[in-house]
>>> print(open('data.cif').read())   # mmCIF, C-alpha atoms
data_start
loop_
_atom_site.label_atom_id
_atom_site.label_comp_id
_atom_site.auth_asym_id
_atom_site.auth_seq_id
_atom_site.Cartn_x
_atom_site.Cartn_y
_atom_site.Cartn_z
CA MET A 1 19.92 29.40 18.46
CA ILE A 2 22.00 28.59 21.59
CA PHE A 3 19.15 29.70 23.86
CA ARG A 4 16.74 27.41 22.02
CA LEU A 5 19.12 24.48 22.37
CA ILE A 6 19.33 25.03 26.16
CA ILE A 7 15.52 24.97 26.45
CA PHE A 8 15.33 22.01 24.08
CA PHE A 9 17.65 19.75 26.06
CA SER A 10 16.22 20.85 29.42
CA LEU A 11 13.00 19.10 28.38
CA LEU A 12 14.90 15.78 28.43
CA LEU A 13 16.15 15.93 32.04
CA PRO A 14 13.43 13.66 33.53
CA ALA A 15 14.57 10.80 31.27
CA SER A 16 15.98 8.75 34.15
CA VAL A 17 12.86 8.86 36.36
CA PHE A 18 11.55 5.44 35.27
CA ALA A 19 13.87 2.45 35.35
CA GLN A 20 11.61 -0.51 36.17
CA GLY A 21 10.66 -3.44 33.96
CA GLY A 22 8.47 -2.52 31.06
CA SER A 23 8.02 -5.24 28.45
CA THR A 24 7.55 -8.89 29.35
CA TYR A 25 8.51 -10.28 25.93
CA SER A 26 11.62 -8.14 25.55
CA PHE A 27 13.64 -11.08 26.95
CA LEU A 28 13.27 -12.75 23.55
CA GLY A 29 15.84 -12.24 20.78
CA ILE A 30 17.52 -8.84 21.10
CA GLY A 31 14.46 -7.21 22.67
CA ASP A 32 11.74 -4.99 21.30
CA ARG A 33 12.68 -3.74 17.84
CA ARG A 34 12.39 0.01 17.25
CA THR A 35 11.87 0.50 13.51
CA GLY A 36 11.53 4.29 13.54
CA VAL A 37 11.61 7.20 15.96
CA GLY A 38 9.61 10.35 16.59
CA ALA A 39 6.17 10.96 18.08
CA GLN A 40 4.76 12.08 14.73
CA TYR A 41 5.35 8.73 13.03
CA ASP A 42 4.49 6.82 16.22
CA ALA A 43 1.08 8.52 16.13
CA MET A 44 0.64 7.09 12.63
CA ALA A 45 1.33 3.53 13.89
CA GLY A 46 4.81 3.74 12.38
CA THR A 47 3.56 4.31 8.81
CA ALA A 48 6.50 6.10 7.17
CA ILE A 49 7.71 4.49 3.93
CA ALA A 50 5.65 6.72 1.62
CA VAL A 51 4.41 9.48 3.98
CA PRO A 52 6.60 12.60 3.70
CA SER A 53 6.55 15.17 6.48
CA PRO A 54 7.28 18.88 5.95
CA TYR A 55 9.29 19.04 9.18
CA GLY A 56 9.53 15.52 10.69
CA ILE A 57 12.72 13.49 10.24
CA ASN A 58 12.03 10.20 8.49
CA THR A 59 14.44 7.52 9.77
CA VAL A 60 12.64 4.70 7.92
CA ASN A 61 12.93 5.74 4.26
CA PRO A 62 16.07 7.84 3.62
CA ALA A 63 14.70 8.98 0.24
CA MET A 64 12.46 11.47 2.08
CA LEU A 65 15.13 13.39 3.96
CA GLY A 66 14.97 16.23 1.44
CA PHE A 67 11.40 17.34 2.17
CA SER A 68 12.23 19.64 5.09
CA ALA A 69 12.88 23.26 4.17
CA THR A 70 14.91 23.93 7.34
CA THR A 71 17.80 22.29 9.12
CA ARG A 72 16.29 20.57 12.18
CA LEU A 73 17.30 19.00 15.47
CA GLN A 74 14.89 16.50 17.04
CA ALA A 75 14.88 14.56 20.30
CA GLY A 76 12.21 12.63 22.11
CA TYR A 77 11.20 10.64 25.16
CA ARG A 78 9.14 7.45 25.26
CA PHE A 79 7.21 6.10 28.26
CA ASN A 80 5.97 2.50 28.27
CA GLN A 81 3.29 1.00 30.49
CA SER A 82 2.45 -2.69 30.24
CA TYR A 83 0.05 -5.09 31.92
CA SER A 84 0.71 -8.80 31.51
CA THR A 85 -1.69 -11.56 32.46
CA SER A 86 -1.71 -15.36 32.38
CA GLY A 87 -4.51 -17.24 34.10
CA THR A 88 -4.96 -15.70 37.56
CA ALA A 89 -1.52 -14.06 37.64
CA SER A 90 -0.91 -10.49 36.45
CA LEU A 91 1.89 -7.95 36.48
CA ALA A 92 2.08 -4.21 35.72
CA GLN A 93 5.40 -2.65 34.67
CA ASN A 94 6.64 0.65 33.25
CA ASN A 95 9.80 2.30 32.01
CA GLY A 96 11.00 5.30 30.05
CA ASN A 97 13.84 6.01 27.64
CA LEU A 98 15.22 8.70 25.42
CA ASP A 99 13.84 8.12 21.94
CA GLY A 100 16.90 9.15 19.99
CA ILE A 101 18.53 12.41 18.96
CA VAL A 102 18.71 13.15 15.24
CA ALA A 103 19.73 16.15 13.13
CA LEU A 104 18.61 16.85 9.57
CA PHE A 105 20.59 19.22 7.37
CA ALA A 106 18.39 20.62 4.60
CA ILE A 107 21.13 21.44 2.09
CA ASP A 108 18.98 22.10 -0.99
CA THR A 109 15.24 21.53 -1.29
CA GLY A 110 15.26 21.98 -5.07
CA TYR A 111 17.58 19.00 -5.53
CA GLY A 112 15.95 17.17 -2.62
CA LEU A 113 19.36 17.07 -0.97
CA GLY A 114 19.23 16.30 2.74
CA VAL A 115 21.65 14.70 5.18
CA SER A 116 20.76 13.21 8.57
CA LEU A 117 22.87 12.18 11.53
CA GLY A 118 21.41 10.54 14.59
CA LEU A 119 21.87 8.32 17.62
CA LEU A 120 18.79 6.11 17.71
CA PRO A 121 17.51 2.98 19.47
CA TYR A 122 17.55 -0.26 17.44
CA SER A 123 16.15 -2.51 20.17
CA ARG A 124 15.27 -2.26 23.87
CA VAL A 125 15.37 -4.84 26.66
CA ASN A 126 13.68 -3.95 29.94
CA TYR A 127 11.82 -6.45 32.11
CA LEU A 128 11.65 -7.51 35.76
CA LEU A 129 9.93 -10.78 36.62
CA SER A 130 9.65 -12.89 39.75
CA ARG A 131 8.30 -16.40 40.17
CA THR A 132 8.05 -19.01 42.92
CA ILE A 133 9.78 -22.34 42.37
CA ALA A 134 9.46 -25.72 44.06
CA THR A 135 11.46 -28.90 43.60
CA SER A 136 12.28 -32.15 45.38
CA VAL A 137 15.87 -32.76 46.59
CA GLU A 138 16.66 -36.14 48.22
CA GLY A 139 13.02 -36.63 49.07
CA GLN A 140 12.58 -33.18 50.59
CA GLN A 141 10.56 -30.37 49.09
CA VAL A 142 12.63 -27.21 48.53
CA TYR A 143 11.05 -23.82 47.81
CA GLY A 144 12.51 -20.58 46.56
CA THR A 145 12.13 -17.57 44.30
CA SER A 146 13.65 -16.66 40.97
CA GLU A 147 14.02 -12.97 40.10
CA GLN A 148 14.76 -12.38 36.43
CA GLN A 149 15.78 -9.01 35.02
CA GLY A 150 16.93 -7.74 31.64
CA GLN A 151 18.35 -4.33 30.77
CA GLY A 152 20.06 -2.58 27.90
CA GLY A 153 19.61 -2.83 24.17
CA VAL A 154 21.20 -2.12 20.83
CA SER A 155 21.69 1.45 19.57
CA GLN A 156 22.58 2.72 16.12
CA LEU A 157 24.66 5.64 14.94
CA GLN A 158 22.84 6.48 11.72
CA VAL A 159 23.88 8.58 8.72
CA GLY A 160 21.54 9.10 5.77
CA THR A 161 21.28 11.18 2.63
CA SER A 162 18.74 11.77 -0.12
CA VAL A 163 18.70 13.37 -3.56
CA ARG A 164 16.09 14.10 -6.24
CA ILE A 165 16.98 12.14 -9.39
CA LEU A 166 13.99 13.24 -11.50
CA PRO A 167 11.22 15.75 -10.77
CA SER A 168 9.07 12.89 -9.48
CA LEU A 169 11.76 10.49 -8.18
CA ARG A 170 13.88 10.65 -5.03
CA MET A 171 16.47 8.16 -3.80
CA GLY A 172 18.29 7.80 -0.49
CA LEU A 173 20.95 5.77 1.28
CA GLN A 174 21.37 5.09 4.99
CA VAL A 175 24.24 3.53 6.96
CA SER A 176 23.84 2.46 10.59
CA GLY A 177 26.55 1.31 12.96
CA LEU A 178 25.02 -1.02 15.57
CA PHE A 179 26.43 -1.30 19.07
CA GLY A 180 25.04 -2.25 22.44
CA ILE A 181 25.18 -4.40 25.54
CA ILE A 182 22.27 -6.43 26.91
CA THR A 183 22.40 -7.97 30.38
CA TYR A 184 20.13 -10.81 31.48
CA SER A 185 20.28 -11.84 35.16
CA ASP A 186 18.58 -14.55 37.21
CA LYS A 187 18.85 -14.44 41.01
CA LEU A 188 17.75 -17.72 42.59
CA ARG A 189 17.13 -17.79 46.36
CA LEU A 190 16.36 -20.98 48.28
CA ASP A 191 14.22 -20.69 51.40
CA GLY A 192 15.48 -21.95 54.74
CA VAL A 193 19.10 -22.62 53.73
CA TYR A 194 20.16 -19.01 53.03
CA SER A 195 21.55 -20.00 49.64
CA GLU A 196 21.67 -17.77 46.55
CA ILE A 197 22.80 -18.38 42.97
CA LEU A 198 23.25 -15.41 40.62
CA THR A 199 23.52 -15.99 36.88
CA ASN A 200 24.46 -13.15 34.51
CA ASN A 201 24.42 -13.39 30.71
CA THR A 202 25.87 -10.40 28.86
CA LEU A 203 25.50 -9.91 25.12
CA ASP A 204 27.74 -7.41 23.30
CA LEU A 205 26.73 -6.81 19.67
CA ARG A 206 28.51 -4.79 16.96
CA GLY A 207 27.46 -4.57 13.31
CA LEU A 208 26.87 -2.45 10.22
CA LEU A 209 23.56 -2.03 8.38
CA PHE A 210 22.90 -0.52 4.94
CA LYS A 211 19.52 0.59 3.65
CA GLY A 212 18.37 2.15 0.40
CA GLY A 213 15.07 3.88 -0.27
CA VAL A 214 13.07 5.32 -3.16
CA TYR A 215 10.09 7.66 -3.27
CA CYS A 216 8.12 8.44 -6.41
CA ASP A 217 5.16 10.71 -7.19
CA VAL A 218 3.03 8.58 -9.51
CA THR A 219 0.41 11.32 -9.95
CA ARG A 220 -0.19 14.66 -8.27
CA SER A 221 -2.02 12.90 -5.44
CA VAL A 222 -0.58 9.36 -5.34
CA SER A 223 2.98 8.48 -4.26
CA VAL A 224 4.80 5.22 -3.60
CA GLY A 225 7.92 4.30 -1.65
CA ALA A 226 10.11 1.28 -1.00
CA ILE A 227 13.05 0.30 1.21
CA LEU A 228 15.62 -2.50 1.06
CA GLY A 229 18.33 -3.13 3.64
CA SER A 230 20.78 -5.64 5.06
CA GLY A 231 24.24 -5.64 6.60
CA THR A 232 27.59 -7.25 7.15
CA PRO A 233 27.84 -10.10 9.70
CA ALA A 234 27.69 -8.74 13.23
CA SER A 235 30.24 -9.62 15.90
CA VAL A 236 28.64 -11.11 19.01
CA THR A 237 30.47 -11.51 22.32
CA THR A 238 28.65 -13.40 25.06
CA SER A 239 29.74 -13.74 28.68
CA ARG A 240 28.10 -16.07 31.18
CA SER A 241 28.93 -15.86 34.88
CA VAL A 242 27.53 -17.98 37.70
CA ALA A 243 28.19 -17.24 41.36
CA GLY A 244 26.74 -19.02 44.36
CA ASN A 245 26.94 -18.41 48.09
CA ALA A 246 25.53 -20.04 51.20
CA SER A 247 25.25 -18.06 54.42
CA GLY A 248 27.63 -15.47 52.94
CA ASP A 249 30.32 -17.96 51.82
CA VAL A 250 31.01 -18.25 48.09
CA PHE A 251 30.92 -21.89 47.00
CA TYR A 252 30.99 -21.41 43.20
CA ASP A 253 32.18 -18.67 40.82
CA SER A 254 32.72 -19.15 37.08
CA THR A 255 32.79 -16.99 33.93
CA ILE A 256 32.85 -18.12 30.29
CA THR A 257 33.25 -15.76 27.32
CA THR A 258 32.70 -16.68 23.66
CA LYS A 259 32.91 -14.73 20.40
CA ALA A 260 31.03 -15.43 17.16
CA GLU A 261 29.47 -13.78 14.12
CA SER A 262 25.83 -13.61 13.08
CA PRO A 263 24.08 -12.52 9.87
CA LEU A 264 21.92 -9.42 10.20
CA PRO A 265 18.32 -9.40 8.93
CA LEU A 266 17.18 -8.55 5.43
CA GLN A 267 14.60 -5.75 5.54
CA THR A 268 12.11 -4.92 2.79
CA GLY A 269 9.05 -2.69 2.65
CA VAL A 270 6.65 -0.96 0.28
CA GLY A 271 4.20 1.85 0.90
CA ILE A 272 1.68 4.11 -0.78
CA SER A 273 0.19 7.47 0.13
CA VAL A 274 -2.74 9.42 -1.24
CA LYS A 275 -3.06 13.18 -0.75
CA THR A 276 -6.57 14.46 -0.01
CA ASN A 277 -7.94 17.95 0.52
CA SER A 278 -7.46 17.62 4.28
CA GLY A 279 -4.30 15.48 4.62
CA ILE A 280 -2.58 12.25 3.60
CA VAL A 281 -3.69 8.63 3.86
CA GLY A 282 -0.82 6.13 3.87
CA ALA A 283 -0.44 2.36 4.00
CA GLU A 284 2.56 0.04 4.00
CA VAL A 285 3.86 -3.49 4.49
CA ARG A 286 7.29 -4.32 5.97
CA THR A 287 9.19 -7.51 6.67
CA GLU A 288 12.50 -8.39 8.36
CA ASP A 289 13.98 -11.86 7.92
CA PHE A 290 15.79 -12.85 11.13
CA SER A 291 15.65 -16.59 10.37
CA ALA A 292 19.40 -16.83 9.63
CA THR A 293 20.36 -14.92 12.79
CA THR A 294 22.49 -16.83 15.29
CA ILE A 295 22.50 -14.28 18.12
CA PRO A 296 21.98 -16.20 21.41
CA ASN A 297 18.31 -16.45 22.29
CA ASP A 298 16.06 -17.90 24.98
CA SER A 299 15.66 -21.68 24.67
CA ARG A 300 11.88 -21.32 24.31
CA SER A 301 12.25 -18.91 21.39
CA ALA A 302 13.43 -19.02 17.77
CA TYR A 303 14.11 -16.37 15.14
CA THR A 304 11.76 -16.03 12.19
CA SER A 305 10.57 -13.39 9.69
CA SER A 306 8.50 -10.49 10.93
CA LEU A 307 5.59 -9.12 8.92
CA ARG A 308 4.01 -5.76 9.64
CA GLY A 309 1.15 -3.90 7.99
CA SER A 310 -0.23 -0.48 8.88
CA ILE A 311 -2.52 2.28 7.63
CA ALA A 312 -2.58 5.88 8.82
CA TYR A 313 -4.00 9.36 8.33
CA ALA A 314 -1.99 12.57 8.74
CA ASN A 315 -3.04 16.21 8.73
CA PHE A 316 0.35 17.83 9.25
CA SER A 317 0.93 20.87 11.41
CA SER A 318 1.70 24.10 9.57
CA GLU A 319 4.62 26.43 10.28
CA ASN A 320 2.87 29.35 8.55
CA PRO A 321 2.50 32.09 11.21
CA ALA A 322 -0.18 33.84 9.15
CA LEU A 323 -2.69 31.04 9.85
CA PRO A 324 -4.85 30.95 12.99
CA PHE A 325 -3.38 28.71 15.67
CA ARG A 326 -6.15 26.10 15.40
CA GLU A 327 -5.36 25.68 11.69
CA ARG A 328 -1.69 25.09 12.46
CA ILE A 329 -2.34 22.07 14.70
CA GLY A 330 -1.66 18.64 13.19
CA TRP A 331 -3.67 15.45 13.81
CA TYR A 332 -2.62 11.85 13.25
CA ALA A 333 -4.07 8.36 13.64
CA GLY A 334 -3.14 4.83 12.62
CA ILE A 335 -3.57 1.10 13.15
CA ALA A 336 -1.06 -1.73 12.70
CA ALA A 337 -0.81 -5.51 12.97
CA GLU A 338 2.50 -7.36 13.22
CA LYS A 339 3.88 -10.87 13.43
CA LEU A 340 7.01 -10.40 15.53
CA TYR A 341 10.49 -11.59 14.53
CA VAL A 342 10.63 -14.29 17.23
CA THR A 343 8.46 -17.26 18.18
CA TYR A 344 7.66 -18.41 21.70
CA ASN A 345 7.05 -22.03 22.67
CA GLY A 346 6.83 -22.84 18.97
CA GLY A 347 4.04 -20.34 18.28
CA THR A 348 4.06 -16.92 16.64
CA LEU A 349 3.76 -13.68 18.60
CA LEU A 350 1.20 -11.23 17.26
CA GLU A 351 0.98 -7.53 18.08
CA TYR A 352 -1.99 -5.22 17.41
CA THR A 353 -1.71 -1.43 17.79
CA ALA A 354 -3.97 1.61 17.51
CA SER A 355 -2.46 5.08 17.76
CA GLY A 356 -3.15 8.78 17.57
CA GLY A 357 -1.42 12.06 18.19
CA ILE A 358 -1.18 15.79 17.83
CA SER A 359 1.45 18.37 16.94
CA PHE A 360 1.58 22.14 17.18
CA PRO A 361 4.13 24.91 16.66
CA LEU A 362 5.96 26.40 19.63
CA GLY A 363 6.97 29.56 17.79
CA GLY A 364 9.30 30.15 14.90
CA ASN A 365 10.22 26.78 13.38
CA ALA A 366 9.96 24.81 16.63
CA MET A 367 7.47 21.93 16.86
CA LEU A 368 6.15 19.71 19.64
CA ASP A 369 4.68 16.30 18.77
CA ALA A 370 2.90 13.87 21.09
CA GLY A 371 1.73 10.39 20.14
CA ILE A 372 0.07 7.60 22.08
CA ALA A 373 -0.22 3.96 21.03
CA ALA A 374 -2.13 1.19 22.76
CA GLY A 375 -2.46 -2.47 21.95
CA MET A 376 -1.71 -6.04 22.88
CA ARG A 377 0.71 -8.89 22.25
CA GLN A 378 -1.02 -12.21 21.91
CA PRO A 379 0.93 -15.49 21.68
CA GLN A 380 -0.43 -18.20 19.43
CA ASP A 381 -0.47 -20.79 22.23
CA VAL A 382 -3.25 -20.15 24.72
CA GLY A 383 -1.27 -20.88 27.89
CA SER A 384 1.29 -18.08 27.43
CA ILE A 385 1.30 -14.53 28.74
CA THR A 386 -0.85 -11.88 27.08
CA GLU A 387 0.62 -8.39 27.28
CA TYR A 388 -1.35 -5.14 27.01
CA PHE A 389 0.65 -1.97 26.49
CA CYS A 390 0.40 1.79 26.24
CA ARG A 391 3.25 3.87 24.81
CA LEU A 392 3.48 7.65 25.06
CA THR A 393 6.06 9.42 22.91
CA VAL A 394 6.88 13.13 23.03
CA SER A 395 9.25 14.73 20.51
CA ALA A 396 10.46 18.30 20.20
CA SER A 397 12.26 19.75 17.22
CA ILE A 398 13.70 23.11 16.28
CA GLY A 399 14.62 24.37 12.84
CA GLU A 400 16.57 27.15 11.18
CA THR A 401 17.66 27.95 7.65
CA TRP A 402 21.36 27.16 7.43
CA PHE A 403 21.77 26.69 3.70
CA LYS A 404 20.69 29.04 0.91
CA PRO A 405 19.46 27.43 -2.34
CA PHE A 406 22.08 26.99 -5.05
CA ALA A 407 21.89 29.49 -7.91
CA ARG A 408 20.08 28.02 -10.93
CA ASP A 409 19.71 29.11 -14.52
#
>>> encode(input="data.cif", output="structure tokens")
Amino acid sequence: MIFRLIIFFSLLLPASVFAQGGSTYSFLGIGDRRTGVGAQYDAMAGTAIAVPSPYGINTVNPAMLGFSATTRLQAGYRFNQSYSTSGTASLAQNNGNLDGIVALFAIDTGYGLGVSLGLLPYSRVNYLLSRTIATSVEGQQVYGTSEQQGQGGVSQLQVGTSVRILPSLRMGLQVSGLFGIITYSDKLRLDGVYSEILTNNTLDLRGLLFKGGVYCDVTRSVSVGAILGSGTPASVTTSRSVAGNASGDVFYDSTITTKAESPLPLQTGVGISVKTNSGIVGAEVRTEDFSATTIPNDSRSAYTSSLRGSIAYANFSSENPALPFRERIGWYAGIAAEKLYVTYNGGTLLEYTASGGISFPLGGNAMLDAGIAAGMRQPQDVGSITEYFCRLTVSASIGETWFKPFARD
């Protein structure tokens, strides 16, 4: 087991290779929301509310934590490539991040009793933009450049558990502690006068989220699931610093810090899955209501309710060593459409995604999953930036039997 862990974590060493900008619209709100982790579910366009996996760790619906027969440890890496265009201007960016580390303890499969513990991303901010500015000062035209950069995000320490209430009904509960720091900077340089103004806005967020989930087998082939979650008001500390210098001499330096509270979003979702001879077809709808959120936001943006729908197909990989290798490979595909949780310039932001992926055993109970998703973000107003993206996620997991089934009459 120790040897496997060494190999497992050695796969994650390149995680700091990419650190450029990666998502133009991540400067809005608290960044790009990450509603689930793992390459397997990414390959299904995030469809997870009613799609149980025999070895994947479901961080969306806690009611399905009891499906795995082995205790598992999973970690992943996500690479993002984006291409943004507006009129004749265009910009390509990329970045990469660890995609969470989560452990699932399969305590008793008969009772559907599973417990998960993980450190996962809740949102990501990563962009680097530059634009030319021009203005008139006392009748003279002044030119310069503005370099805007955002980094950081919100993480969550997540604990979940599930139990089988009836032969066909499972329930689960999940608690997530949110924490994270986001830094937004704007470096303004004026040509000819060697003047520079640096503005830094830092957002420190702390909060607690609760989520419940249910999963029910309606028939032998049809299952449904649902989730409901919200949280206590989050504490938000914002710091704004402005420093200016001309020819190396500081002429202005100021910092203001404020503290406040903000409601956290209400999350709901329903899903359905149908088992076929070759796999599972799943579909779901999710929404998160951020409209009451008072977390500081860009002046051109406002919080609203997100709405996401997706449909997917899964032919899960098999851990049975008696099968030929080609029959142990898993295949996944999905499509999704989403209205994001923020508006821009008064219009909604729409995201369209198509995805696919593959998984195969590495030996024993180890699995390697790879998923790729491509799509676009299209603002409602025509003059804004259109962003095309490609996201590659790789997850590795290892499993062992730690708990023996309880004795039953």
>>> resolve_selection(input="data.cif", expression="the PyMOL selection byres ((chain A and resi 233) around 12)", output="list in words")
Gly177, Leu178, Leu205, Arg206, Gly207, Leu208, Leu209, Phe210, Ser230, Gly231, Thr232, Ala234, Ser235, Val236, Ala260, Glu261, Ser262, Pro263, Leu264, Pro265, Leu266, Ala292, Thr293, Thr294 and Ile295 of chain A
>>> write_last_selection(input="data.cif", atoms="C-alpha atoms", output="CSV table (one decimal), in the frame of the given file")
chain,number,residue,atom,x,y,z
A,177,GLY,CA,26.6,1.3,13.0
A,178,LEU,CA,25.0,-1.0,15.6
A,205,LEU,CA,26.7,-6.8,19.7
A,206,ARG,CA,28.5,-4.8,17.0
A,207,GLY,CA,27.5,-4.6,13.3
A,208,LEU,CA,26.9,-2.4,10.2
A,209,LEU,CA,23.6,-2.0,8.4
A,210,PHE,CA,22.9,-0.5,4.9
A,230,SER,CA,20.8,-5.6,5.1
A,231,GLY,CA,24.2,-5.6,6.6
A,232,THR,CA,27.6,-7.2,7.2
A,234,ALA,CA,27.7,-8.7,13.2
A,235,SER,CA,30.2,-9.6,15.9
A,236,VAL,CA,28.6,-11.1,19.0
A,260,ALA,CA,31.0,-15.4,17.2
A,261,GLU,CA,29.5,-13.8,14.1
A,262,SER,CA,25.8,-13.6,13.1
A,263,PRO,CA,24.1,-12.5,9.9
A,264,LEU,CA,21.9,-9.4,10.2
A,265,PRO,CA,18.3,-9.4,8.9
A,266,LEU,CA,17.2,-8.6,5.4
A,292,ALA,CA,19.4,-16.8,9.6
A,293,THR,CA,20.4,-14.9,12.8
A,294,THR,CA,22.5,-16.8,15.3
A,295,ILE,CA,22.5,-14.3,18.1
>>> resolve_selection(input="data.cif", expression="the PyMOL selection byres ((chain A and resi 147) around 10)", output="ChimeraX atom specification")
/A:128-132,145-146,148-149,185-189,198
>>> closest_residue(input="data.cif", among="A:Thr135, A:Thr59, A:Ser168, A:Phe79", to="Leu117 of chain A", atoms="all atoms listed in the file")
A:Thr59
>>> closest_atom_pairs(input="data.cif", of="segment 315-388 of chain A", to="segment 81-87 of chain A", cutoff="8 Å", atoms="all atoms listed in the file", output="CSV")
residue,atom,partner,partner_atom,distance
A:Gly383,CA,A:Ser86,CA,7.1
A:Ser384,CA,A:Ser86,CA,6.4
A:Ile385,CA,A:Ser86,CA,4.8
A:Thr386,CA,A:Thr85,CA,5.5
A:Glu387,CA,A:Ser84,CA,4.3
A:Tyr388,CA,A:Tyr83,CA,5.1
>>> atom_distance(input="data.cif", atom1="atom CA of Arg34 of chain A", atom2="atom CA of Arg124 of chain A")
7.6 Å
>>> resolve_selection(input="data.cif", expression="the PyMOL selection byres ((chain A and resi 190) around 10)", output="PyMOL selection string")
chain A and resi 133-134+142-146+188-189+191-197+246
>>> residues_around(input="data.cif", residues="Thr71 of chain A", least_positions_apart="4", cutoff="6 Å", atoms="only C-alpha atoms", output="ChimeraX atom specification")
/A:104-106,399-401
>>> residues_near_point(input="data.cif", point="(15.6, -21.4, 12.9)", cutoff="6 Å", atoms="all atoms listed in the file", output="list of chain:residue names")
A:Ser291, A:Ala302, A:Tyr303
>>> residues_near_point(input="data.cif", point="(35.6, -14.3, 26.8)", cutoff="12 Å", atoms="all atoms listed in the file", output="list in words")
Asn201, Thr202, Leu203, Asp204, Val236, Thr237, Thr238, Ser239, Arg240, Ser241, Ser254, Thr255, Ile256, Thr257, Thr258, Lys259 and Ala260 of chain A
>>> closest_residue(input="data.cif", among="A:Leu307, A:Ile107, A:Leu119, A:Ile358", to="Gly36 of chain A", atoms="all atoms listed in the file")
A:Leu119
>>> closest_atom_pairs(input="data.cif", of="segment 181-296 of chain A", to="segment 328-334 of chain A", cutoff="12 Å", atoms="only C-alpha atoms", output="Markdown table")
| residue | atom | partner | partner_atom | distance |
| --- | --- | --- | --- | --- |
| A:Ser278 | CA | A:Trp331 | CA | 10.5 |
| A:Gly279 | CA | A:Trp331 | CA | 9.2 |
| A:Ile280 | CA | A:Tyr332 | CA | 9.7 |
| A:Val281 | CA | A:Gly334 | CA | 9.6 |
| A:Gly282 | CA | A:Gly334 | CA | 9.1 |
| A:Ala283 | CA | A:Gly334 | CA | 9.4 |
| A:Glu284 | CA | A:Gly334 | CA | 11.4 |
>>> closest_residue(input="data.cif", among="A:Val60, A:Ile372, A:Leu169, A:Ala314", to="Asn277 of chain A", atoms="all atoms listed in the file")
A:Ala314
>>> closest_residue(input="data.cif", among="A:Asn365, A:Tyr313, A:Thr304, A:Thr199", to="Thr348 of chain A", atoms="only C-alpha atoms")
A:Thr304
>>> closest_residue(input="data.cif", among="A:Val224, A:Ala366, A:Val37, A:Ile335", to="Thr353 of chain A", atoms="only C-alpha atoms")
A:Ile335
>>> atom_distance(input="data.cif", atom1="atom CA of Gly375 of chain A", atom2="atom CA of Asp42 of chain A")
12.9 Å
>>> residues_around(input="data.cif", residues="Ser306 of chain A", least_positions_apart="5", cutoff="6 Å", atoms="only C-alpha atoms", output="PyMOL selection string")
chain A and resi 287-288+339-341
>>> atom_distance(input="data.cif", atom1="atom CA of Asp99 of chain A", atom2="atom CA of Arg78 of chain A")
5.8 Å
